[in-house]
Structure formats: structure tokens, C-alpha cells
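Heads up, target_8.pdb below (PDB, C-alpha atoms):
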```pdb
ATOM      1  CA  MET M 756     -94.570-104.298 -67.686  1.00  0.00           C
ATOM      2  CA  PRO M 757     -91.153-103.947 -69.378  1.00  0.00           C
ATOM      3  CA  SER M 758     -88.682-106.519 -68.085  1.00  0.00           C
ATOM      4  CA  LYS M 759     -86.032-105.702 -65.529  1.00  0.00           C
ATOM      5  CA  GLY M 760     -83.449-106.465 -68.199  1.00  0.00           C
ATOM      6  CA  LEU M 761     -84.862-103.798 -70.523  1.00  0.00           C
ATOM      7  CA  TYR M 762     -84.917-101.263 -67.713  1.00  0.00           C
ATOM      8  CA  GLY M 763     -81.374-102.345 -66.844  1.00  0.00           C
ATOM      9  CA  PHE M 764     -80.131-101.588 -70.363  1.00  0.00           C
ATOM     10  CA  TYR M 765     -82.037 -98.295 -70.343  1.00  0.00           C
ATOM     11  CA  GLY M 766     -80.408 -97.295 -67.056  1.00  0.00           C
ATOM     12  CA  PHE M 767     -76.974 -98.443 -68.193  1.00  0.00           C
ATOM     13  CA  PHE M 768     -77.022 -96.343 -71.359  1.00  0.00           C
ATOM     14  CA  THR M 769     -78.497 -93.377 -69.472  1.00  0.00           C
ATOM     15  CA  ALA M 770     -75.616 -93.558 -66.988  1.00  0.00           C
ATOM     16  CA  GLY M 771     -73.150 -93.882 -69.876  1.00  0.00           C
ATOM     17  CA  ILE M 772     -74.454 -90.723 -71.549  1.00  0.00           C
ATOM     18  CA  ALA M 773     -74.341 -88.866 -68.237  1.00  0.00           C
ATOM     19  CA  ALA M 774     -70.728 -89.976 -67.711  1.00  0.00           C
ATOM     20  CA  ALA M 775     -69.822 -88.901 -71.257  1.00  0.00           C
ATOM     21  CA  GLY M 776     -71.376 -85.495 -70.662  1.00  0.00           C
ATOM     22  CA  ILE M 777     -69.549 -85.013 -67.364  1.00  0.00           C
ATOM     23  CA  LEU M 778     -66.189 -86.035 -68.871  1.00  0.00           C
ATOM     24  CA  SER M 779     -66.695 -83.729 -71.831  1.00  0.00           C
ATOM     25  CA  ILE M 780     -67.456 -80.804 -69.518  1.00  0.00           C
ATOM     26  CA  ILE M 781     -64.500 -81.569 -67.219  1.00  0.00           C
ATOM     27  CA  PHE M 782     -61.937 -81.767 -70.022  1.00  0.00           C
ATOM     28  CA  SER M 783     -63.379 -78.726 -71.814  1.00  0.00           C
ATOM     29  CA  VAL M 784     -62.793 -76.738 -68.616  1.00  0.00           C
ATOM     30  CA  MET M 785     -59.444 -78.296 -67.651  1.00  0.00           C
ATOM     31  CA  TRP M 786     -57.894 -77.795 -71.079  1.00  0.00           C
ATOM     32  CA  ARG M 787     -58.434 -74.053 -70.901  1.00  0.00           C
ATOM     33  CA  ARG M 788     -55.428 -73.837 -68.591  1.00  0.00           C
ATOM     34  CA  HIS M 789     -52.324 -72.032 -69.840  1.00  0.00           C
ATOM     35  CA  GLU M 790     -50.241 -74.784 -71.423  1.00  0.00           C
ATOM     36  CA  LEU M 791     -48.655 -73.828 -74.723  1.00  0.00           C
ATOM     37  CA  LEU M 792     -48.972 -77.054 -76.739  1.00  0.00           C
ATOM     38  CA  LEU M 793     -52.451 -77.707 -75.376  1.00  0.00           C
ATOM     39  CA  ASN M 794     -53.519 -74.176 -76.289  1.00  0.00           C
ATOM     40  CA  MET M 795     -52.079 -74.672 -79.779  1.00  0.00           C
ATOM     41  CA  THR M 796     -54.021 -77.907 -80.227  1.00  0.00           C
ATOM     42  CA  PHE M 797     -57.395 -76.802 -78.872  1.00  0.00           C
ATOM     43  CA  SER M 798     -58.737 -73.315 -79.498  1.00  0.00           C
ATOM     44  CA  HIS M 799     -61.338 -71.644 -77.305  1.00  0.00           C
ATOM     45  CA  ALA M 800     -63.910 -72.434 -80.011  1.00  0.00           C
ATOM     46  CA  ASP M 801     -62.982 -76.136 -79.872  1.00  0.00           C
ATOM     47  CA  LEU M 802     -63.319 -76.234 -76.103  1.00  0.00           C
ATOM     48  CA  THR M 803     -66.616 -74.362 -76.232  1.00  0.00           C
ATOM     49  CA  ALA M 804     -67.929 -76.964 -78.686  1.00  0.00           C
ATOM     50  CA  GLY M 805     -66.814 -79.710 -76.309  1.00  0.00           C
ATOM     51  CA  LEU M 806     -68.553 -77.948 -73.443  1.00  0.00           C
ATOM     52  CA  ALA M 807     -71.756 -77.681 -75.495  1.00  0.00           C
ATOM     53  CA  VAL M 808     -71.629 -81.403 -76.294  1.00  0.00           C
ATOM     54  CA  GLY M 809     -71.141 -82.223 -72.616  1.00  0.00           C
ATOM     55  CA  ILE M 810     -74.057 -80.055 -71.499  1.00  0.00           C
ATOM     56  CA  ALA M 811     -76.303 -81.522 -74.217  1.00  0.00           C
ATOM     57  CA  LEU M 812     -75.491 -85.092 -73.166  1.00  0.00           C
ATOM     58  CA  LEU M 813     -75.970 -84.314 -69.482  1.00  0.00           C
ATOM     59  CA  LEU M 814     -79.363 -82.720 -70.142  1.00  0.00           C
ATOM     60  CA  THR M 815     -80.302 -85.726 -72.279  1.00  0.00           C
ATOM     61  CA  SER M 816     -79.539 -88.085 -69.394  1.00  0.00           C
ATOM     62  CA  LEU M 817     -81.782 -86.013 -67.109  1.00  0.00           C
ATOM     63  CA  LEU M 818     -84.545 -86.084 -69.738  1.00  0.00           C
ATOM     64  CA  SER M 819     -84.098 -89.861 -69.936  1.00  0.00           C
ATOM     65  CA  VAL M 820     -84.750 -90.216 -66.211  1.00  0.00           C
ATOM     66  CA  ALA M 821     -87.784 -87.935 -66.379  1.00  0.00           C
ATOM     67  CA  ALA M 822     -89.192 -89.872 -69.354  1.00  0.00           C
ATOM     68  CA  ILE M 823     -88.883 -93.336 -67.811  1.00  0.00           C
ATOM     69  CA  ILE M 824     -90.591 -92.460 -64.525  1.00  0.00           C
ATOM     70  CA  GLN M 825     -93.795 -91.376 -66.276  1.00  0.00           C
ATOM     71  CA  ARG M 826     -96.847 -93.591 -65.969  1.00  0.00           C
ATOM     72  CA  ASN M 827     -96.933 -96.534 -68.369  1.00  0.00           C
ATOM     73  CA  HIS M 828     -99.565 -95.117 -70.702  1.00  0.00           C
ATOM     74  CA  VAL M 829     -97.612 -91.850 -71.121  1.00  0.00           C
ATOM     75  CA  THR M 830     -94.904 -92.176 -73.783  1.00  0.00           C
ATOM     76  CA  ILE M 831     -94.554 -88.568 -74.951  1.00  0.00           C
ATOM     77  CA  GLY M 832     -91.476 -88.105 -72.762  1.00  0.00           C
ATOM     78  CA  LEU M 833     -89.786 -91.073 -74.435  1.00  0.00           C
ATOM     79  CA  VAL M 834     -90.711 -89.731 -77.870  1.00  0.00           C
ATOM     80  CA  ILE M 835     -89.168 -86.354 -77.010  1.00  0.00           C
ATOM     81  CA  LEU M 836     -86.114 -88.192 -75.688  1.00  0.00           C
ATOM     82  CA  ASN M 837     -85.674 -90.027 -78.986  1.00  0.00           C
ATOM     83  CA  TRP M 838     -85.788 -86.815 -80.997  1.00  0.00           C
ATOM     84  CA  THR M 839     -83.274 -85.330 -78.564  1.00  0.00           C
ATOM     85  CA  LEU M 840     -81.013 -88.361 -79.059  1.00  0.00           C
ATOM     86  CA  ILE M 841     -81.180 -87.883 -82.829  1.00  0.00           C
ATOM     87  CA  ALA M 842     -80.087 -84.256 -82.365  1.00  0.00           C
ATOM     88  CA  ASP M 843     -77.297 -85.392 -80.016  1.00  0.00           C
ATOM     89  CA  ALA M 844     -76.110 -87.941 -82.586  1.00  0.00           C
ATOM     90  CA  ILE M 845     -75.915 -85.271 -85.282  1.00  0.00           C
ATOM     91  CA  ILE M 846     -73.971 -82.916 -82.995  1.00  0.00           C
ATOM     92  CA  VAL M 847     -71.549 -85.650 -81.904  1.00  0.00           C
ATOM     93  CA  LEU M 848     -70.935 -86.812 -85.478  1.00  0.00           C
ATOM     94  CA  VAL M 849     -70.327 -83.259 -86.684  1.00  0.00           C
ATOM     95  CA  VAL M 850     -67.871 -82.469 -83.877  1.00  0.00           C
ATOM     96  CA  GLY M 851     -66.097 -85.828 -84.147  1.00  0.00           C
ATOM     97  CA  SER M 852     -65.820 -85.596 -87.940  1.00  0.00           C
ATOM     98  CA  PHE M 853     -64.502 -82.040 -87.725  1.00  0.00           C
ATOM     99  CA  VAL M 854     -61.727 -83.156 -85.366  1.00  0.00           C
ATOM    100  CA  TRP M 855     -60.956 -86.209 -87.511  1.00  0.00           C
ATOM    101  CA  PHE M 856     -60.754 -84.122 -90.685  1.00  0.00           C
ATOM    102  CA  TYR M 857     -58.422 -81.694 -88.909  1.00  0.00           C
ATOM    103  CA  THR M 858     -56.025 -84.561 -88.127  1.00  0.00           C
ATOM    104  CA  LEU M 859     -55.666 -85.209 -91.858  1.00  0.00           C
ATOM    105  CA  ARG M 860     -54.143 -81.738 -92.348  1.00  0.00           C
ATOM    106  CA  GLU M 861     -52.139 -81.383 -89.144  1.00  0.00           C
ATOM    107  CA  ARG M 862     -48.799 -80.348 -90.631  1.00  0.00           C
ATOM    108  CA  SER M 863     -50.275 -77.503 -92.677  1.00  0.00           C
ATOM    109  CA  GLU M 864     -52.837 -76.462 -90.060  1.00  0.00           C
ATOM    110  CA  PHE M 865     -50.286 -76.242 -87.260  1.00  0.00           C
ATOM    111  CA  HIS M 866     -47.944 -74.311 -89.538  1.00  0.00           C
ATOM    112  CA  LYS M 867     -50.556 -71.536 -89.474  1.00  0.00           C
ATOM    113  CA  VAL M 868     -50.713 -71.801 -85.679  1.00  0.00           C
ATOM    114  CA  TRP M 869     -46.904 -71.690 -85.485  1.00  0.00           C
ATOM    115  CA  LEU M 870     -46.796 -68.502 -87.538  1.00  0.00           C
ATOM    116  CA  ASP M 871     -49.302 -66.901 -85.162  1.00  0.00           C
ATOM    117  CA  LEU M 872     -47.098 -67.579 -82.122  1.00  0.00           C
ATOM    118  CA  ASP M 873     -44.902 -64.817 -80.827  1.00  0.00           C
ATOM    119  CA  SER M 874     -41.133 -65.283 -80.698  1.00  0.00           C
ATOM    120  CA  SER M 875     -41.019 -66.178 -76.998  1.00  0.00           C
ATOM    121  CA  GLN M 876     -43.560 -68.962 -77.481  1.00  0.00           C
ATOM    122  CA  ARG M 877     -41.594 -70.427 -80.388  1.00  0.00           C
ATOM    123  CA  ILE M 878     -38.426 -70.308 -78.294  1.00  0.00           C
ATOM    124  CA  THR M 879     -40.205 -72.166 -75.484  1.00  0.00           C
ATOM    125  CA  ILE M 880     -41.181 -74.992 -77.839  1.00  0.00           C
ATOM    126  CA  GLN M 881     -37.765 -75.067 -79.472  1.00  0.00           C
ATOM    127  CA  ASP M 882     -36.041 -75.395 -76.091  1.00  0.00           C
ATOM    128  CA  MET M 883     -38.551 -78.065 -75.062  1.00  0.00           C
ATOM    129  CA  TYR M 884     -37.899 -80.271 -78.102  1.00  0.00           C
ATOM    130  CA  SER M 885     -34.403 -79.104 -79.163  1.00  0.00           C
ATOM    131  CA  CYS M 886     -35.664 -78.052 -82.572  1.00  0.00           C
ATOM    132  CA  CYS M 887     -35.382 -74.915 -84.665  1.00  0.00           C
ATOM    133  CA  GLY M 888     -38.052 -73.510 -86.973  1.00  0.00           C
ATOM    134  CA  TYR M 889     -41.124 -75.369 -88.158  1.00  0.00           C
ATOM    135  CA  PHE M 890     -40.535 -77.192 -91.467  1.00  0.00           C
ATOM    136  CA  ASN M 891     -36.881 -76.114 -91.499  1.00  0.00           C
ATOM    137  CA  ALA M 892     -34.505 -73.808 -89.668  1.00  0.00           C
ATOM    138  CA  SER M 893     -35.466 -70.829 -91.824  1.00  0.00           C
ATOM    139  CA  ASP M 894     -39.203 -71.336 -91.384  1.00  0.00           C
ATOM    140  CA  ALA M 895     -40.135 -68.748 -88.730  1.00  0.00           C
ATOM    141  CA  PRO M 896     -37.641 -69.805 -86.055  1.00  0.00           C
ATOM    142  CA  GLY M 897     -37.534 -68.161 -82.657  1.00  0.00           C
ATOM    143  CA  ILE M 898     -33.955 -66.956 -82.346  1.00  0.00           C
ATOM    144  CA  GLY M 899     -32.710 -67.077 -78.774  1.00  0.00           C
ATOM    145  CA  GLY M 900     -33.206 -69.387 -75.852  1.00  0.00           C
ATOM    146  CA  ASN M 901     -31.026 -72.378 -75.020  1.00  0.00           C
ATOM    147  CA  PHE M 902     -31.162 -74.316 -78.281  1.00  0.00           C
ATOM    148  CA  CYS M 903     -31.726 -72.128 -81.329  1.00  0.00           C
ATOM    149  CA  GLN M 904     -29.448 -69.360 -80.045  1.00  0.00           C
ATOM    150  CA  ASN M 905     -28.573 -67.686 -83.341  1.00  0.00           C
ATOM    151  CA  THR M 906     -29.088 -67.981 -87.093  1.00  0.00           C
ATOM    152  CA  THR M 907     -25.612 -69.469 -87.608  1.00  0.00           C
ATOM    153  CA  PHE M 908     -26.492 -72.424 -85.400  1.00  0.00           C
ATOM    154  CA  ALA M 909     -29.925 -72.741 -87.003  1.00  0.00           C
ATOM    155  CA  ASN M 910     -28.453 -72.870 -90.512  1.00  0.00           C
ATOM    156  CA  SER M 911     -25.904 -75.490 -89.436  1.00  0.00           C
ATOM    157  CA  LEU M 912     -28.591 -78.046 -88.542  1.00  0.00           C
ATOM    158  CA  ASN M 913     -28.801 -81.132 -90.758  1.00  0.00           C
ATOM    159  CA  ALA M 914     -31.848 -80.642 -92.974  1.00  0.00           C
ATOM    160  CA  THR M 915     -32.288 -84.414 -93.397  1.00  0.00           C
ATOM    161  CA  VAL M 916     -32.886 -84.994 -89.666  1.00  0.00           C
ATOM    162  CA  ALA M 917     -36.584 -84.435 -89.033  1.00  0.00           C
ATOM    163  CA  THR M 918     -36.203 -83.990 -85.286  1.00  0.00           C
ATOM    164  CA  ASN M 919     -34.070 -80.877 -85.844  1.00  0.00           C
ATOM    165  CA  PHE M 920     -37.249 -79.018 -86.751  1.00  0.00           C
ATOM    166  CA  CYS M 921     -40.409 -78.526 -84.714  1.00  0.00           C
ATOM    167  CA  VAL M 922     -43.047 -79.843 -87.093  1.00  0.00           C
ATOM    168  CA  THR M 923     -42.514 -83.450 -85.952  1.00  0.00           C
ATOM    169  CA  PRO M 924     -42.806 -83.054 -82.149  1.00  0.00           C
ATOM    170  CA  VAL M 925     -45.597 -80.465 -82.391  1.00  0.00           C
ATOM    171  CA  THR M 926     -47.771 -82.578 -84.698  1.00  0.00           C
ATOM    172  CA  LYS M 927     -46.969 -85.732 -82.694  1.00  0.00           C
ATOM    173  CA  PHE M 928     -48.401 -84.134 -79.545  1.00  0.00           C
ATOM    174  CA  ALA M 929     -51.379 -82.762 -81.470  1.00  0.00           C
ATOM    175  CA  ASP M 930     -52.031 -86.035 -83.273  1.00  0.00           C
ATOM    176  CA  THR M 931     -52.168 -88.012 -80.025  1.00  0.00           C
ATOM    177  CA  SER M 932     -54.465 -85.469 -78.377  1.00  0.00           C
ATOM    178  CA  LEU M 933     -56.812 -85.072 -81.351  1.00  0.00           C
ATOM    179  CA  ASN M 934     -57.023 -88.826 -81.982  1.00  0.00           C
ATOM    180  CA  ASP M 935     -58.001 -89.370 -78.357  1.00  0.00           C
ATOM    181  CA  VAL M 936     -60.683 -86.693 -78.660  1.00  0.00           C
ATOM    182  CA  PHE M 937     -62.355 -87.875 -81.848  1.00  0.00           C
ATOM    183  CA  THR M 938     -62.160 -91.533 -80.746  1.00  0.00           C
ATOM    184  CA  ALA M 939     -63.879 -90.655 -77.453  1.00  0.00           C
ATOM    185  CA  THR M 940     -66.398 -88.461 -79.280  1.00  0.00           C
ATOM    186  CA  TYR M 941     -67.343 -91.231 -81.692  1.00  0.00           C
ATOM    187  CA  GLY M 942     -67.496 -93.540 -78.674  1.00  0.00           C
ATOM    188  CA  PHE M 943     -70.321 -91.399 -77.298  1.00  0.00           C
ATOM    189  CA  MET M 944     -72.414 -92.697 -80.195  1.00  0.00           C
ATOM    190  CA  ALA M 945     -72.571 -96.138 -78.576  1.00  0.00           C
ATOM    191  CA  GLY M 946     -74.442 -94.708 -75.590  1.00  0.00           C
ATOM    192  CA  ILE M 947     -76.699 -92.579 -77.778  1.00  0.00           C
ATOM    193  CA  ILE M 948     -77.651 -95.474 -80.074  1.00  0.00           C
ATOM    194  CA  GLY M 949     -78.068 -97.851 -77.135  1.00  0.00           C
ATOM    195  CA  LEU M 950     -80.397 -95.496 -75.283  1.00  0.00           C
ATOM    196  CA  PHE M 951     -82.323 -94.755 -78.476  1.00  0.00           C
ATOM    197  CA  LEU M 952     -82.973 -98.461 -79.098  1.00  0.00           C
ATOM    198  CA  SER M 953     -83.811 -99.085 -75.429  1.00  0.00           C
ATOM    199  CA  SER M 954     -86.276 -96.210 -75.496  1.00  0.00           C
ATOM    200  CA  LEU M 955     -87.958 -97.585 -78.614  1.00  0.00           C
ATOM    201  CA  CYS M 956     -88.332-100.949 -76.907  1.00  0.00           C
ATOM    202  CA  VAL M 957     -89.829 -99.371 -73.787  1.00  0.00           C
ATOM    203  CA  ILE M 958     -92.306 -97.395 -75.925  1.00  0.00           C
ATOM    204  CA  LYS M 959     -93.334-100.557 -77.795  1.00  0.00           C
ATOM    205  CA  VAL M 960     -93.830-102.579 -74.601  1.00  0.00           C
ATOM    206  CA  ARG M 961     -95.800 -99.789 -72.917  1.00  0.00           C
ATOM    207  CA  GLN M 962     -98.028 -99.361 -75.969  1.00  0.00           C
ATOM    208  CA  GLU M 963     -98.735-103.080 -75.965  1.00  0.00           C
ATOM    209  CA  MET M 964     -99.537-102.987 -72.250  1.00  0.00           C
ATOM    210  CA  GLU M 965    -101.915-100.073 -72.760  1.00  0.00           C
ATOM    211  CA  ARG M 966    -103.610-101.832 -75.686  1.00  0.00           C
ATOM    212  CA  PHE M 967    -104.183-104.978 -73.633  1.00  0.00           C
ATOM    213  CA  ARG M 968    -105.394-102.902 -70.694  1.00  0.00           C
ATOM    214  CA  LYS M 969    -108.050-101.257 -72.876  1.00  0.00           C
ATOM    215  CA  ILE M 970    -109.115-104.595 -74.322  1.00  0.00           C
ATOM    216  CA  ASP M 971    -109.283-106.035 -70.814  1.00  0.00           C
ATOM    217  CA  ALA M 972    -111.379-103.067 -69.669  1.00  0.00           C
ATOM    218  CA  LYS M 973    -113.856-103.628 -72.521  1.00  0.00           C
ATOM    219  CA  ARG M 974    -114.174-107.262 -71.461  1.00  0.00           C
ATOM    220  CA  GLY M 975    -115.097-106.182 -67.980  1.00  0.00           C
ATOM    221  CA  GLY M 976    -111.667-106.816 -66.513  1.00  0.00           C
ATOM    222  CA  ARG M 977    -111.969-110.585 -67.024  1.00  0.00           C
ATOM    223  CA  GLY M 978    -108.738-110.908 -69.001  1.00  0.00           C
ATOM    224  CA  PHE M 979    -108.299-113.302 -71.905  1.00  0.00           C
ATOM    225  CA  VAL M 980    -108.642-116.624 -70.161  1.00  0.00           C
TER
END
```

What is this file in C-alpha cells?
Amino acid sequence: MPSKGLYGFYGFFTAGIAAAGILSIIFSVMWRRHELLLNMTFSHADLTAGLAVGIALLLTSLLSVAAIIQRNHVTIGLVILNWTLIADAIIVLVVGSFVWFYTLRERSEFHKVWLDLDSSQRITIQDMYSCCGYFNASDAPGIGGNFCQNTTFANSLNATVATNFCVTPVTKFADTSLNDVFTATYGFMAGIIGLFLSSLCVIKVRQEMERFRKIDAKRGGRGFV
């Protein structure tokens, strides 16, 4: 029979994957709320991908429980679990790498997002961070509000001061959020790999037990001594 320690590791990694799935689902739902910078950073497609990852991991944890409670000589559930874990690993790596690659092009990518905002949304961000325009004061500013009230004021801003323009605070918020996401996403791999290895060990031990049981049965149940 597999040791309690092996079952302990199996249960630990199963619980870890379940927790990862639940967290992914929670944040994918919570971040759909109307919050301008959050909505700029994560599109509906991004959040849907996060939701899909969470559901996949949660279903995998349920499959893990179903596989381990099968009788010792039945390992097909564990085999299916391992193939599922391989699929999960591919999905997690793709999503995590996509987010990581996006962080390498934040300034240009969020410039496109900035241009898609309407004037009132730009004004909201400009008032929030006391900035005007994106790369500079003439780069699609939102004229009005409390800070960037008119073009004369916008043109008077010192072009050498980065904080006068919105690219720095916008990408700072996005960079922190995206780094947290892809770090957590890659962190899911620890649970996936751990459960995969634990499952392989359980399969090996159960196969050995079944082999010895058959040998013992051929010997009339007398064992090897």
C-alpha cells in the first residue's frame, strides 16, 4: 500500500490545485467590476481566459480525488489525471507567457488602449494622476477636468518631467498588476508538477502491489517467506 507520506503529498498538491482554481475564478469575476485602470489592464478576453484556467484546475482537483479513491488495481483514473495535468500545464504556460510577453510592450500596448478611451475617461485618469496626455501633452489629451483644463496649460508642462504625462502612472499600475498575475500563473505549475509526480508514484506503487498480489495468488497465498 502506498505510504501515508505519498498520500499526504498527493493530497497536498490536490488541495493546492483546487485553491489555485478557486482563486483564479474569484479574481476573474471580481476584476470585471467597473474600475477604469483595472478595465484598461484586463480585457474581457483576459478575464475569460483566467476563468477558464480556474475551472480547468478545479475540475482537475475533483478528478484527482476520484482517481485516488479507486481500488488499488485500478489505475486508469490516475492515467487520465496525468494526461489532464499535461493539458493544464500547457494552458497555464500559454496564458502565463502571453501575460509576460505583454508586459514587455506595455508602453506601446497601453498607448493603443489610451487612444480607445473616450475623453471623459482620459480626463478621469489625468485628474487622478495630475498628468496630461499619454507620451506628451499633445498625445491625445482629455481637455477639461481639474488638471488638464485647457491646451494652454497642457502645452506649458515641462516635457522633461515624466510624471507630467500619463504613460508612467498608467503603465506602473498595469505593470504591478500583470506581474502579479503571471507570477501567480507560473506558480500554479508547482502544484501541477507536484501532483503529476505524486500520481506517477502512486501508479508505480499500485502496479507493484498488484504484481505481488498475482504472484502471491499463484503461490497459493503463501507469500514469499

Could you list, as an mmCIF file with C-alpha atoms, keeping the file's coordinate frame, every residue within 12 Å of M:Ala800, counting only C-alpha atoms and ignoring same-chain residues fewer than 5 positions away?
```cif
data_model
loop_
_atom_site.group_PDB
_atom_site.id
_atom_site.type_symbol
_atom_site.label_atom_id
_atom_site.label_comp_id
_atom_site.auth_asym_id
_atom_site.auth_seq_id
_atom_site.Cartn_x
_atom_site.Cartn_y
_atom_site.Cartn_z
ATOM 1 C CA SER M 783 -63.379 -78.726 -71.814
ATOM 2 C CA ARG M 787 -58.434 -74.053 -70.901
ATOM 3 C CA ASN M 794 -53.519 -74.176 -76.289
ATOM 4 C CA GLY M 805 -66.814 -79.710 -76.309
ATOM 5 C CA LEU M 806 -68.553 -77.948 -73.443
ATOM 6 C CA ALA M 807 -71.756 -77.681 -75.495
ATOM 7 C CA VAL M 850 -67.871 -82.469 -83.877
#
```

Let me know the residues the PyMOL selection byres ((chain M and resi 835) around 12) catches in the file above, as a ChimeraX atom specification.
/M:815,818-819,821-823,829-834,836-842,951,954-955,958

Nearest to M:Tyr884 by atom-to-atom distance, counting all atoms listed in the file, from M:Gly942, M:Pro924, M:Gly776, M:Gly771
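Closest to M:Tyr884, using all atoms listed in the file: M:Pro924.
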
Any chance you could work out the residue set of the PyMOL selection byres ((chain M and resi 877-879) around 10) here, as an mmCIF file with C-alpha atoms, keeping the file's coordinate frame?
```cif
data_model
loop_
_atom_site.group_PDB
_atom_site.id
_atom_site.type_symbol
_atom_site.label_atom_id
_atom_site.label_comp_id
_atom_site.auth_asym_id
_atom_site.auth_seq_id
_atom_site.Cartn_x
_atom_site.Cartn_y
_atom_site.Cartn_z
ATOM 1 C CA LEU M 791 -48.655 -73.828 -74.723
ATOM 2 C CA TRP M 869 -46.904 -71.690 -85.485
ATOM 3 C CA LEU M 870 -46.796 -68.502 -87.538
ATOM 4 C CA ASP M 871 -49.302 -66.901 -85.162
ATOM 5 C CA LEU M 872 -47.098 -67.579 -82.122
ATOM 6 C CA ASP M 873 -44.902 -64.817 -80.827
ATOM 7 C CA SER M 874 -41.133 -65.283 -80.698
ATOM 8 C CA SER M 875 -41.019 -66.178 -76.998
ATOM 9 C CA GLN M 876 -43.560 -68.962 -77.481
ATOM 10 C CA ILE M 880 -41.181 -74.992 -77.839
ATOM 11 C CA GLN M 881 -37.765 -75.067 -79.472
ATOM 12 C CA ASP M 882 -36.041 -75.395 -76.091
ATOM 13 C CA MET M 883 -38.551 -78.065 -75.062
ATOM 14 C CA TYR M 884 -37.899 -80.271 -78.102
ATOM 15 C CA SER M 885 -34.403 -79.104 -79.163
ATOM 16 C CA CYS M 886 -35.664 -78.052 -82.572
ATOM 17 C CA CYS M 887 -35.382 -74.915 -84.665
ATOM 18 C CA GLY M 888 -38.052 -73.510 -86.973
ATOM 19 C CA TYR M 889 -41.124 -75.369 -88.158
ATOM 20 C CA ALA M 895 -40.135 -68.748 -88.730
ATOM 21 C CA PRO M 896 -37.641 -69.805 -86.055
ATOM 22 C CA GLY M 897 -37.534 -68.161 -82.657
ATOM 23 C CA ILE M 898 -33.955 -66.956 -82.346
ATOM 24 C CA GLY M 899 -32.710 -67.077 -78.774
ATOM 25 C CA GLY M 900 -33.206 -69.387 -75.852
ATOM 26 C CA ASN M 901 -31.026 -72.378 -75.020
ATOM 27 C CA PHE M 902 -31.162 -74.316 -78.281
ATOM 28 C CA CYS M 903 -31.726 -72.128 -81.329
ATOM 29 C CA GLN M 904 -29.448 -69.360 -80.045
ATOM 30 C CA CYS M 921 -40.409 -78.526 -84.714
#
```

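Distances here use all atoms listed in the file; by that measure, the residue among M:Gly946, M:Lys973, M:Thr940, M:Gly760 closest to M:Ser852 is M:Thr940.
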
The PyMOL selection byres ((chain M and resi 808) around 9) applied to the shown file, residues as JSON, numbers by chain
{"M": [776, 779, 780, 803, 804, 805, 806, 807, 809, 810, 811, 812, 813, 843, 846, 847, 850]}

With only C-alpha atoms counted, which protein, DNA or RNA residues have an atom no more than 10 Å from (-50.0, -79.0, -90.0) in the file frame? Please answer as a PyMOL selection string.
chain M and resi 857-869+889-890+922-923+925-926+929-930

Grab the atom CA of M:Val960 to atom CA of M:Gly763 distance for me, in Å with one decimal place.
14.7 Å

Which residue of M:Ala914, M:Ala773, M:Ile947, M:Leu952 approaches M:Asn891 most closely, using only C-alpha atoms:
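For M:Asn891, the nearest of the given residues is M:Ala914.
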
Near-M:Gly851 list (9 Å; only C-alpha atoms; drop same-chain fewer than 2 positions) as a PyMOL selection string:
chain M and resi 846-849+853-856+936-941

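In this model, the gap between atom CA of M:Asp935 and atom CA of M:Gly949 comes to 21.8 Å.
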
Work out how far atom CA of M:Ala892 is from atom CA of M:Asn910, in Å to one decimal.
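So the two atoms, atom CA of M:Asn910 and atom CA of M:Ala892, lie 6.2 Å apart.
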
For a quick check of your reading of the model, name the residues lying within 6 Å of the coordinate (-86.9, -99.9, -71.5), counting all atoms listed in the file, and write them as an mmCIF file with C-alpha atoms, in the coordinates of the input.
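The resulting file, part_15.cif, is reproduced below:
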```cif
data_model
loop_
_atom_site.group_PDB
_atom_site.id
_atom_site.type_symbol
_atom_site.label_atom_id
_atom_site.label_comp_id
_atom_site.auth_asym_id
_atom_site.auth_seq_id
_atom_site.Cartn_x
_atom_site.Cartn_y
_atom_site.Cartn_z
ATOM 1 C CA LEU M 761 -84.862 -103.798 -70.523
ATOM 2 C CA TYR M 762 -84.917 -101.263 -67.713
ATOM 3 C CA TYR M 765 -82.037 -98.295 -70.343
ATOM 4 C CA SER M 953 -83.811 -99.085 -75.429
ATOM 5 C CA SER M 954 -86.276 -96.210 -75.496
ATOM 6 C CA CYS M 956 -88.332 -100.949 -76.907
ATOM 7 C CA VAL M 957 -89.829 -99.371 -73.787
#
```

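Minimum distance to M:Lys959 across M:Met785, M:Phe943, M:Ser893, M:His828 (counting only C-alpha atoms) occurs at M:His828.
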